[in-house]
Amino acid sequence: MRILVVDDSSTMRRIIINTLNKLGYKECHEAANGREGVERLATIQVDMVITDWNMPEMSGIEFIKAVRGNEATKHLPVLMVTTNAAQDDIVQALHAGVNNYVVKPFTPDTIKDKIEAALKPA
């Protein structure tokens, strides 16, 4: 499975990608913000997106809305991994179109469970 990881922190991208690799997801791509994520989605095919919320240039919420508004990417499962833990934030992310939500810090088991849940048909 091909996964695009969008986060402005290179350290967090590396942590997420290392976690994904340990879980068996070996084909990971990365982008440093939502705008770059949109550009990457135009040039590569992925099966899932994992995005942060707080990023420069284009936030995670704006990025998700762009993904959902594009015919070619609107079907992609999206997992948001963020420090935003407030109930209102989770509701806002769900309204924007995320399939699941993880609050940092996280465990590999949490990521695994949330990915599996996001991949299940509705």
# chains A, B, ... in the order shown; residues from 1 in each chain; ligands from 1

$ residues_around --residues "A:Gln87" --least-positions-apart "6" --cutoff "12 Å" --atoms "only C-alpha atoms" --output "PyMOL selection string"
chain A and resi 93-94+101+103

$ select_by_dssp --residues "stretch 32-116 of chain A" --states "strand (DSSP E or B)" --output "ChimeraX atom specification"
/A:48-51,78-82,100-103

$ residues_around --residues "stretch 3-6 of chain A" --least-positions-apart "4" --cutoff "6 Å" --atoms "only C-alpha atoms" --output "VMD selection string"
chain A and resid 28 to 33 46 to 51

$ closest_residue --among "A:Ile44, A:Ala118, A:Ile15, A:Leu20" --to "A:His75" --atoms "only C-alpha atoms"
A:Ala118

$ closest_residue --among "A:Asn100, A:Asn70, A:Gln92, A:Asn21" --to "A:Glu116" --atoms "only C-alpha atoms"
A:Asn100

$ residues_around --residues "A:Pro105" --least-positions-apart "3" --cutoff "12 Å" --atoms "only C-alpha atoms" --output "list in words"
Met12, Ile15, Ile16, Val81, Thr82, Thr83, Asn84, Ala85, Val102, Pro108, Asp109, Thr110 and Ile111 of chain A

$ atom_distance --atom1 "atom CA of A:Glu71" --atom2 "atom CA of A:Pro121"
18.5 Å

$ closest_residue --among "A:Val98, A:Leu119, A:Met58, A:Ile64" --to "A:Leu79" --atoms "only C-alpha atoms"
A:Val98

$ select_by_dssp --residues "stretch 28-119 of chain A" --states "alpha helix (DSSP H)" --output "MDAnalysis selection string"
chainID A and resid 34:43 60:68 87:96 108:119

$ closest_residue --among "A:Ala72, A:Val38, A:Val78, A:Ile90" --to "A:Glu57" --atoms "only C-alpha atoms"
A:Val38

$ residues_around --residues "A:Ala96" --least-positions-apart "6" --cutoff "10 Å" --atoms "only C-alpha atoms" --output "NGL selection string"
:A and (60-68 or 90)

$ write_last_selection --atoms "N, CA and C atoms" --output "compact mmCIF listing (two decimals), in the first residue's frame"
# COMPACT_ATOMS: atom_id res chain seq x y z
N GLY A 60 -3.78 21.36 7.34
CA GLY A 60 -4.31 20.03 7.09
C GLY A 60 -5.78 20.05 6.70
N ILE A 61 -6.56 20.93 7.33
CA ILE A 61 -7.99 21.03 7.00
C ILE A 61 -8.17 21.52 5.57
N GLU A 62 -7.41 22.55 5.18
CA GLU A 62 -7.47 23.05 3.79
C GLU A 62 -7.04 21.96 2.81
N PHE A 63 -6.00 21.21 3.19
CA PHE A 63 -5.50 20.13 2.36
C PHE A 63 -6.57 19.04 2.17
N ILE A 64 -7.22 18.66 3.26
CA ILE A 64 -8.27 17.64 3.17
C ILE A 64 -9.41 18.11 2.27
N LYS A 65 -9.79 19.36 2.40
CA LYS A 65 -10.86 19.91 1.54
C LYS A 65 -10.43 19.88 0.08
N ALA A 66 -9.15 20.15 -0.20
CA ALA A 66 -8.64 20.07 -1.57
C ALA A 66 -8.67 18.64 -2.08
N VAL A 67 -8.28 17.70 -1.22
CA VAL A 67 -8.31 16.27 -1.59
C VAL A 67 -9.75 15.85 -1.90
N ARG A 68 -10.68 16.21 -1.03
CA ARG A 68 -12.09 15.83 -1.20
C ARG A 68 -12.74 16.54 -2.38
N ILE A 90 -11.81 17.69 16.49
CA ILE A 90 -12.10 16.38 15.90
C ILE A 90 -13.35 16.47 15.03
